[in-house]
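Enquirer: Sharing coords-v8.cif (mmCIF, C-alpha atoms) below.
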data_upload
loop_
_atom_site.label_atom_id
_atom_site.label_comp_id
_atom_site.auth_asym_id
_atom_site.auth_seq_id
_atom_site.Cartn_x
_atom_site.Cartn_y
_atom_site.Cartn_z
CA GLY G 1043 32.12 10.40 -3.63
CA THR G 1044 30.80 13.90 -3.19
CA ILE G 1045 27.03 14.20 -3.03
CA ARG G 1046 25.70 17.15 -5.01
CA ARG G 1047 22.25 18.36 -5.96
CA ALA G 1048 21.59 17.60 -9.61
CA TRP G 1049 18.48 19.77 -9.90
CA ARG G 1050 15.77 21.52 -7.98
CA GLN G 1051 12.33 22.05 -9.46
CA GLY G 1052 9.24 23.72 -8.10
CA VAL G 1053 5.88 22.26 -9.05
CA GLU G 1054 4.06 25.19 -10.56
CA ALA G 1055 0.36 25.88 -10.27
CA VAL G 1056 -1.90 24.55 -13.00
CA GLY G 1057 -1.43 26.67 -16.10
CA GLY G 1058 1.92 28.04 -14.90
CA GLY G 1059 2.42 31.07 -12.71
CA ASP G 1060 4.64 31.96 -9.80
CA ASP G 1061 2.92 29.86 -7.15
CA SER G 1062 4.37 26.46 -6.34
CA ARG G 1063 2.24 23.61 -5.09
CA ILE G 1064 2.98 21.36 -2.14
CA LEU G 1065 4.23 17.82 -2.64
CA GLU G 1066 2.36 15.58 -0.24
CA ALA G 1067 4.38 13.64 2.32
CA TYR G 1068 3.43 10.31 0.76
CA GLY G 1069 6.87 9.71 -0.73
CA MET G 1070 7.81 9.45 -4.38
CA THR G 1071 7.81 6.28 -6.44
CA LEU G 1072 10.40 5.69 -9.17
CA THR G 1073 9.41 3.03 -11.67
CA ASN G 1074 10.16 2.42 -15.34
CA GLY G 1075 12.25 5.57 -15.54
CA THR G 1076 9.61 7.99 -14.21
CA LEU G 1077 9.07 9.57 -10.80
CA TYR G 1078 5.49 9.70 -9.55
CA ALA G 1079 4.30 11.92 -6.72
CA VAL G 1080 1.15 13.48 -5.28
CA VAL G 1081 0.77 17.25 -5.27
CA GLU G 1082 -1.85 19.31 -3.48
CA VAL G 1083 -3.59 21.65 -5.92
CA GLU G 1084 -6.20 23.37 -3.77
CA TYR G 1085 -7.08 21.77 -0.44
CA PRO G 1086 -8.33 19.06 -0.40
CA ASP G 1087 -7.88 18.43 -4.13
CA LYS G 1088 -4.75 16.52 -5.18
CA GLN G 1089 -3.14 15.44 -8.43
CA LEU G 1090 -0.96 12.57 -9.51
CA ILE G 1091 2.08 13.96 -11.32
CA ALA G 1092 4.78 12.29 -13.42
CA ILE G 1093 8.29 13.77 -13.20
CA ASP G 1094 11.36 13.34 -15.40
CA PRO G 1095 14.04 12.17 -12.91
CA SER G 1096 16.86 13.64 -15.02
CA ASP G 1097 15.79 17.30 -14.68
CA GLY G 1098 12.66 17.42 -12.48
CA ALA G 1099 10.35 18.57 -15.25
CA VAL G 1100 6.67 17.69 -14.76
CA LEU G 1101 5.66 15.45 -17.67
CA TRP G 1102 1.95 15.29 -16.97
CA ARG G 1103 -0.72 15.67 -14.30
CA ASP G 1104 -3.87 13.70 -13.65
CA ASP G 1105 -6.70 14.57 -11.29
CA THR G 1106 -9.15 11.81 -12.16
CA VAL G 1107 -8.30 9.88 -8.98
CA SER G 1108 -8.97 11.21 -5.47
CA LEU G 1109 -5.70 10.43 -3.70
CA THR G 1110 -5.34 10.01 0.05
CA GLY G 1111 -2.21 7.88 0.35
CA SER G 1112 1.12 6.79 -1.05
CA ILE G 1113 1.60 5.39 -4.55
CA VAL G 1114 2.45 1.71 -5.00
CA ALA G 1115 3.94 0.57 -8.30
CA GLY G 1116 3.34 -2.84 -9.84
CA PRO G 1117 5.03 -4.11 -13.00
CA ASP G 1118 2.72 -2.13 -15.31
CA LEU G 1119 0.21 -0.29 -13.14
CA LEU G 1120 0.17 2.19 -10.28
CA TYR G 1121 -2.09 1.50 -7.31
CA LEU G 1122 -3.68 4.53 -5.67
CA ARG G 1123 -5.89 4.95 -2.63
CA GLY G 1124 -8.84 7.27 -2.21
CA ASP G 1125 -11.54 7.48 0.44
CA GLY G 1126 -12.63 3.84 0.77
CA THR G 1127 -11.37 3.16 -2.75
CA LEU G 1128 -8.49 1.33 -4.44
CA VAL G 1129 -7.64 2.25 -8.03
CA ALA G 1130 -5.38 0.57 -10.59
CA PHE G 1131 -4.04 3.26 -12.92
CA ASP G 1132 -2.18 2.81 -16.22
CA PRO G 1133 0.50 5.55 -16.33
CA GLN G 1134 1.24 4.98 -20.02
CA GLU G 1135 -2.36 5.35 -21.18
CA ARG G 1136 -3.16 7.70 -18.27
CA GLU G 1137 -6.42 5.97 -17.51
CA THR G 1138 -8.06 4.03 -14.71
CA VAL G 1139 -7.98 0.29 -15.41
CA TRP G 1140 -10.22 -0.69 -12.51
CA ARG G 1141 -11.66 0.75 -9.34
CA VAL G 1142 -12.80 -1.15 -6.24
CA GLN G 1143 -15.00 0.75 -3.80
CA PHE G 1144 -15.27 -0.51 -0.24
CA GLY G 1145 -17.70 2.11 1.02
CA VAL G 1146 -17.61 5.44 2.79
CA GLU G 1147 -15.77 6.04 6.07
CA ARG G 1148 -13.33 3.23 5.37
CA SER G 1149 -9.55 3.43 5.31
CA VAL G 1150 -7.50 1.35 2.88
CA SER G 1151 -4.03 0.05 3.83
CA ILE G 1152 -0.96 0.25 1.61
CA PRO G 1153 -1.61 -2.46 -1.00
CA VAL G 1154 0.70 -5.43 -1.52
CA VAL G 1155 1.08 -6.37 -5.19
CA ASP G 1156 2.17 -9.77 -6.47
CA ARG G 1157 1.89 -10.88 -10.12
CA GLY G 1158 -1.56 -9.49 -10.83
CA TRP G 1159 -2.88 -10.02 -7.30
CA VAL G 1160 -3.44 -7.09 -4.96
CA PHE G 1161 -3.90 -7.57 -1.21
CA VAL G 1162 -5.28 -4.76 0.91
CA GLN G 1163 -6.77 -4.39 4.38
CA VAL G 1164 -9.83 -2.19 4.80
CA THR G 1165 -10.90 -0.77 8.16
CA SER G 1166 -14.48 0.35 8.69
CA GLY G 1167 -15.63 3.24 10.83
CA ASP G 1168 -16.53 0.97 13.76
CA GLY G 1169 -12.96 -0.39 13.95
CA GLY G 1170 -13.58 -3.77 12.31
CA GLY G 1171 -11.65 -4.74 9.21
CA HIS G 1172 -11.07 -7.30 6.47
CA LEU G 1173 -8.20 -8.33 4.23
CA TYR G 1174 -9.22 -8.52 0.56
CA ALA G 1175 -7.58 -10.29 -2.37
CA ILE G 1176 -8.25 -8.52 -5.68
CA ARG G 1177 -7.50 -9.74 -9.18
CA ASP G 1178 -8.40 -7.76 -12.32
CA GLY G 1179 -10.58 -5.50 -10.21
CA GLN G 1180 -12.60 -8.39 -8.73
CA ARG G 1181 -12.65 -9.39 -5.06
CA GLU G 1182 -11.59 -13.03 -4.95
CA TRP G 1183 -11.76 -13.63 -1.19
CA ASN G 1184 -11.65 -11.83 2.14
CA THR G 1185 -10.93 -12.63 5.77
CA PRO G 1186 -11.18 -10.62 9.02
CA ALA G 1187 -7.99 -8.62 9.62
CA SER G 1188 -7.03 -5.57 11.62
CA THR G 1189 -3.64 -4.78 10.04
CA GLY G 1190 -2.20 -4.46 6.56
CA PRO G 1191 -0.75 -7.64 5.01
CA VAL G 1192 2.85 -8.76 4.49
CA LEU G 1193 3.78 -11.15 1.67
CA SER G 1194 6.93 -13.27 1.89
CA ASP G 1195 7.97 -16.49 0.10
CA GLY G 1196 4.50 -17.00 -1.30
CA ARG G 1197 2.86 -16.68 2.12
CA LEU G 1198 0.56 -13.93 3.30
CA TYR G 1199 0.58 -12.75 6.92
CA THR G 1200 -1.84 -10.50 8.75
CA ILE G 1201 -3.14 -9.88 12.26
CA ASP G 1202 -6.78 -10.18 13.27
CA GLU G 1203 -7.10 -8.39 16.61
CA SER G 1204 -4.54 -10.34 18.72
CA THR G 1205 -4.26 -13.35 16.38
CA LEU G 1206 -1.54 -13.84 13.75
CA LYS G 1207 -2.74 -15.53 10.56
CA LEU G 1208 -0.87 -17.35 7.79
CA ILE G 1209 -2.95 -17.34 4.60
CA ASP G 1210 -2.71 -18.98 1.19
CA PRO G 1211 -2.75 -15.88 -1.03
CA LYS G 1212 -4.46 -17.60 -3.96
CA THR G 1213 -7.34 -19.25 -2.10
CA GLY G 1214 -7.65 -17.33 1.15
CA GLU G 1215 -7.33 -20.57 3.13
CA ILE G 1216 -6.13 -19.99 6.70
CA LEU G 1217 -3.09 -22.27 7.07
CA TRP G 1218 -2.58 -21.55 10.77
CA THR G 1219 -3.44 -19.03 13.46
CA ARG G 1220 -1.47 -18.13 16.57
CA SER G 1221 -2.69 -16.13 19.55
CA LEU G 1222 -0.32 -13.26 20.32
CA GLU G 1223 -1.78 -12.65 23.79
CA ASP G 1224 -1.09 -8.95 23.22
CA GLU G 1225 -3.51 -6.71 21.32
CA TRP G 1226 -0.83 -4.02 20.95
CA LEU G 1227 1.41 -6.15 18.73
CA ASP G 1228 0.00 -4.72 15.53
CA LYS G 1229 2.86 -4.29 13.02
CA LEU G 1230 4.48 -7.01 10.93
CA ALA G 1231 7.75 -7.73 9.14
CA VAL G 1232 9.03 -11.04 7.74
CA ARG G 1233 12.67 -11.93 7.14
CA ASP G 1234 14.90 -15.01 7.22
CA GLY G 1235 12.14 -17.40 8.24
CA GLN G 1236 10.77 -15.32 11.11
CA VAL G 1237 7.79 -13.03 11.56
CA TYR G 1238 8.61 -10.00 13.68
CA LEU G 1239 5.80 -8.21 15.49
CA THR G 1240 6.05 -4.81 17.14
CA GLY G 1241 3.79 -2.49 19.09
CA SER G 1242 3.92 -2.57 22.87
CA GLY G 1243 7.07 -4.67 22.55
CA VAL G 1244 8.69 -6.94 20.00
CA ALA G 1245 8.22 -10.66 19.34
CA ALA G 1246 9.50 -13.23 16.86
CA VAL G 1247 7.41 -16.11 15.51
CA GLY G 1248 8.47 -18.91 13.16
CA ALA G 1249 7.23 -18.05 9.67
CA SER G 1250 6.39 -21.65 8.76
CA SER G 1251 5.22 -23.06 12.07
CA GLY G 1252 3.87 -20.05 13.95
CA GLU G 1253 5.91 -21.14 16.96
CA ARG G 1254 6.76 -18.25 19.25
CA ARG G 1255 10.56 -17.89 19.40
CA TRP G 1256 11.09 -14.97 21.75
CA SER G 1257 9.54 -11.69 22.96
CA HIS G 1258 10.53 -8.56 24.87
CA ASN G 1259 8.46 -5.83 26.47
#
Translate this file's structure into structure tokens.
Expert:
Amino acid sequence: GTIRRAWRQGVEAVGGGDDSRILEAYGMTLTNGTLYAVVEVEYPDKQLIAIDPSDGAVLWRDDTVSLTGSIVAGPDLLYLRGDGTLVAFDPQERETVWRVQFGVERSVSIPVVDRGWVFVQVTSGDGGGHLYAIRDGQREWNTPASTGPVLSDGRLYTIDESTLKLIDPKTGEILWTRSLEDEWLDKLAVRDGQVYLTGSGVAAVGASSGERRWSHN
């Protein structure tokens, strides 16, 4: 059919006025009938805003969380990243449920959410990093990791330098490791029983066995 624009809405400055604020390039999240986005108020201050998807009206704003990344939606909560911080936010009550602080000068990966568990990789200023499992705001386990995690079929995958790891997400047990022999293979995707790695080239590894299937420069 014909694609048409249903509405266009500027995000006005706090308190109204003619100035419009800038939507950050983090992408919007649509969940439970509400659009959520990040808007820059005055650099570097940002707000979380809720938008009615039917007409673009801003329903509410919240500036209690310092946002530095995209919004991830779980079944009931939103997960937000700040400087070295991961926050679980209740959009119905508009309050922070828990906050985990990893320290200054640390970057937090896009979190992976699965039935109350949150998995996130944190990189420190010196380049080292760890993958953390968080439940109800508590760190359950961690393991060295240099990339964000991927969860598929109840298995958790990450890379530690040039080593691919398969991890039990509940216990943190390392089920197997496989040397990639290429430190530039640093991005992951899992589909149809294979782990795909990209960076300097592309490679495929068996998701269950870790056996290398093929690779190309």
Enquirer: Determine the nearest neighbour of Leu1208 of chain G from the options G:Val1232, G:Asp1195, G:Ala1249, G:Glu1182, counting all atoms listed in the file.
Expert: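 Counting all atoms listed in the file, the residue closest to Leu1208 of chain G is G:Ala1249.
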Enquirer: Could you tell me how far atom CA of Thr1240 of chain G lies from atom CA of Gly1252 of chain G, in Å and to one decimal?
Expert: 15.7 Å
Enquirer: Since I can't run it myself right now, could you work out what the PyMOL selection byres ((chain G and resi 1099-1116) around 7) selects here and report it as a ChimeraX atom specification?
Expert: /G:1068-1069,1071,1073,1088-1094,1097-1098,1117-1125,1155
Enquirer: Within 7 Å of segment 1158-1175 of chain G, counting only C-alpha atoms, which residues qualify if same-chain residues fewer than 5 places away don't, as a PyMOL selection string?
Expert: chain G and resi 1147-1153+1181-1191
Enquirer: For Lys1207 of chain G, which residue out of G:Ile1045, G:Trp1226, G:Val1192, G:Gly1179 is the nearest one, using only C-alpha atoms?
Expert: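 Result for the nearest residue to Lys1207 of chain G: G:Val1192.
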Enquirer: Work out how far atom CA of Leu1128 of chain G is from atom CA of Arg1157 of chain G, in Å to one decimal.
Expert: 17.0 Å
Enquirer: Can you patch up segment 1043-1054 of chain G, filling it in to all heavy atoms, and show the result as a PDB file, in the coordinates of the input?
Expert:
ATOM      1  N   GLY G1043      31.918   9.177  -2.877  1.00  0.00           N
ATOM      2  CA  GLY G1043      32.120  10.400  -3.630  1.00  0.00           C
ATOM      3  C   GLY G1043      31.351  11.550  -3.032  1.00  0.00           C
ATOM      4  O   GLY G1043      30.651  11.404  -2.039  1.00  0.00           O
ATOM      5  N   THR G1044      31.483  12.706  -3.662  1.00  0.00           N
ATOM      6  CA  THR G1044      30.800  13.900  -3.190  1.00  0.00           C
ATOM      7  C   THR G1044      29.343  13.885  -3.640  1.00  0.00           C
ATOM      8  O   THR G1044      29.050  13.647  -4.817  1.00  0.00           O
ATOM      9  CB  THR G1044      31.485  15.167  -3.740  1.00  0.00           C
ATOM     10  OG1 THR G1044      32.843  15.170  -3.316  1.00  0.00           O
ATOM     11  CG2 THR G1044      30.779  16.421  -3.236  1.00  0.00           C
ATOM     12  N   ILE G1045      28.447  14.116  -2.698  1.00  0.00           N
ATOM     13  CA  ILE G1045      27.030  14.200  -3.030  1.00  0.00           C
ATOM     14  C   ILE G1045      26.705  15.633  -3.424  1.00  0.00           C
ATOM     15  O   ILE G1045      27.044  16.576  -2.708  1.00  0.00           O
ATOM     16  CB  ILE G1045      26.160  13.783  -1.834  1.00  0.00           C
ATOM     17  CG1 ILE G1045      26.434  12.312  -1.485  1.00  0.00           C
ATOM     18  CG2 ILE G1045      24.686  13.974  -2.143  1.00  0.00           C
ATOM     19  CD1 ILE G1045      25.721  11.848  -0.238  1.00  0.00           C
ATOM     20  N   ARG G1046      26.088  15.811  -4.572  1.00  0.00           N
ATOM     21  CA  ARG G1046      25.700  17.150  -5.010  1.00  0.00           C
ATOM     22  C   ARG G1046      24.264  17.127  -5.515  1.00  0.00           C
ATOM     23  O   ARG G1046      23.774  16.089  -5.958  1.00  0.00           O
ATOM     24  CB  ARG G1046      26.629  17.662  -6.106  1.00  0.00           C
ATOM     25  CG  ARG G1046      26.567  16.849  -7.387  1.00  0.00           C
ATOM     26  CD  ARG G1046      27.525  17.354  -8.443  1.00  0.00           C
ATOM     27  NE  ARG G1046      27.441  16.574  -9.672  1.00  0.00           N
ATOM     28  CZ  ARG G1046      26.572  16.806 -10.642  1.00  0.00           C
ATOM     29  NH1 ARG G1046      25.685  17.804 -10.507  1.00  0.00           N
ATOM     30  NH2 ARG G1046      26.553  16.065 -11.721  1.00  0.00           N
ATOM     31  N   ARG G1047      23.625  18.262  -5.471  1.00  0.00           N
ATOM     32  CA  ARG G1047      22.250  18.360  -5.960  1.00  0.00           C
ATOM     33  C   ARG G1047      22.273  18.500  -7.479  1.00  0.00           C
ATOM     34  O   ARG G1047      22.895  19.410  -8.020  1.00  0.00           O
ATOM     35  CB  ARG G1047      21.552  19.565  -5.335  1.00  0.00           C
ATOM     36  CG  ARG G1047      20.081  19.659  -5.722  1.00  0.00           C
ATOM     37  CD  ARG G1047      19.367  20.729  -4.914  1.00  0.00           C
ATOM     38  NE  ARG G1047      19.867  22.062  -5.239  1.00  0.00           N
ATOM     39  CZ  ARG G1047      19.645  23.137  -4.486  1.00  0.00           C
ATOM     40  NH1 ARG G1047      18.978  23.015  -3.356  1.00  0.00           N
ATOM     41  NH2 ARG G1047      20.112  24.321  -4.835  1.00  0.00           N
ATOM     42  N   ALA G1048      21.605  17.584  -8.153  1.00  0.00           N
ATOM     43  CA  ALA G1048      21.590  17.600  -9.610  1.00  0.00           C
ATOM     44  C   ALA G1048      20.604  18.637 -10.147  1.00  0.00           C
ATOM     45  O   ALA G1048      20.858  19.288 -11.154  1.00  0.00           O
ATOM     46  CB  ALA G1048      21.233  16.217 -10.153  1.00  0.00           C
ATOM     47  N   TRP G1049      19.463  18.782  -9.484  1.00  0.00           N
ATOM     48  CA  TRP G1049      18.480  19.770  -9.900  1.00  0.00           C
ATOM     49  C   TRP G1049      17.516  20.057  -8.782  1.00  0.00           C
ATOM     50  O   TRP G1049      17.427  19.314  -7.808  1.00  0.00           O
ATOM     51  CB  TRP G1049      17.716  19.331 -11.151  1.00  0.00           C
ATOM     52  CG  TRP G1049      17.115  17.947 -11.096  1.00  0.00           C
ATOM     53  CD1 TRP G1049      17.631  16.808 -11.648  1.00  0.00           C
ATOM     54  CD2 TRP G1049      15.886  17.539 -10.456  1.00  0.00           C
ATOM     55  NE1 TRP G1049      16.824  15.731 -11.397  1.00  0.00           N
ATOM     56  CE2 TRP G1049      15.741  16.144 -10.677  1.00  0.00           C
ATOM     57  CE3 TRP G1049      14.903  18.200  -9.738  1.00  0.00           C
ATOM     58  CZ2 TRP G1049      14.648  15.427 -10.192  1.00  0.00           C
ATOM     59  CZ3 TRP G1049      13.813  17.476  -9.254  1.00  0.00           C
ATOM     60  CH2 TRP G1049      13.702  16.099  -9.479  1.00  0.00           C
ATOM     61  N   ARG G1050      16.836  21.160  -8.899  1.00  0.00           N
ATOM     62  CA  ARG G1050      15.770  21.520  -7.980  1.00  0.00           C
ATOM     63  C   ARG G1050      14.652  22.120  -8.812  1.00  0.00           C
ATOM     64  O   ARG G1050      14.892  22.998  -9.643  1.00  0.00           O
ATOM     65  CB  ARG G1050      16.247  22.526  -6.944  1.00  0.00           C
ATOM     66  CG  ARG G1050      15.145  22.972  -5.983  1.00  0.00           C
ATOM     67  CD  ARG G1050      15.698  23.889  -4.917  1.00  0.00           C
ATOM     68  NE  ARG G1050      14.643  24.361  -4.038  1.00  0.00           N
ATOM     69  CZ  ARG G1050      14.849  25.068  -2.931  1.00  0.00           C
ATOM     70  NH1 ARG G1050      16.094  25.390  -2.573  1.00  0.00           N
ATOM     71  NH2 ARG G1050      13.852  25.456  -2.180  1.00  0.00           N
ATOM     72  N   GLN G1051      13.445  21.636  -8.594  1.00  0.00           N
ATOM     73  CA  GLN G1051      12.330  22.050  -9.460  1.00  0.00           C
ATOM     74  C   GLN G1051      11.087  22.284  -8.620  1.00  0.00           C
ATOM     75  O   GLN G1051      10.673  21.420  -7.847  1.00  0.00           O
ATOM     76  CB  GLN G1051      12.057  20.949 -10.490  1.00  0.00           C
ATOM     77  CG  GLN G1051      10.993  21.259 -11.513  1.00  0.00           C
ATOM     78  CD  GLN G1051      11.475  22.256 -12.536  1.00  0.00           C
ATOM     79  OE1 GLN G1051      11.304  23.467 -12.379  1.00  0.00           O
ATOM     80  NE2 GLN G1051      12.132  21.769 -13.583  1.00  0.00           N
ATOM     81  N   GLY G1052      10.520  23.466  -8.741  1.00  0.00           N
ATOM     82  CA  GLY G1052       9.240  23.720  -8.100  1.00  0.00           C
ATOM     83  C   GLY G1052       8.112  23.193  -8.959  1.00  0.00           C
ATOM     84  O   GLY G1052       8.199  23.187 -10.185  1.00  0.00           O
ATOM     85  N   VAL G1053       7.055  22.714  -8.307  1.00  0.00           N
ATOM     86  CA  VAL G1053       5.880  22.260  -9.050  1.00  0.00           C
ATOM     87  C   VAL G1053       4.934  23.435  -9.165  1.00  0.00           C
ATOM     88  O   VAL G1053       4.319  23.864  -8.190  1.00  0.00           O
ATOM     89  CB  VAL G1053       5.192  21.078  -8.326  1.00  0.00           C
ATOM     90  CG1 VAL G1053       3.975  20.621  -9.118  1.00  0.00           C
ATOM     91  CG2 VAL G1053       6.176  19.924  -8.163  1.00  0.00           C
ATOM     92  N   GLU G1054       4.827  23.977 -10.368  1.00  0.00           N
ATOM     93  CA  GLU G1054       4.060  25.190 -10.560  1.00  0.00           C
ATOM     94  C   GLU G1054       2.562  24.908 -10.511  1.00  0.00           C
ATOM     95  O   GLU G1054       2.110  23.779 -10.693  1.00  0.00           O
ATOM     96  CB  GLU G1054       4.405  25.837 -11.905  1.00  0.00           C
ATOM     97  CG  GLU G1054       5.824  26.381 -11.975  1.00  0.00           C
ATOM     98  CD  GLU G1054       6.086  27.066 -13.293  1.00  0.00           C
ATOM     99  OE1 GLU G1054       5.329  26.813 -14.247  1.00  0.00           O
ATOM    100  OE2 GLU G1054       7.048  27.847 -13.359  1.00  0.00           O
TER     101      GLU G1054
END
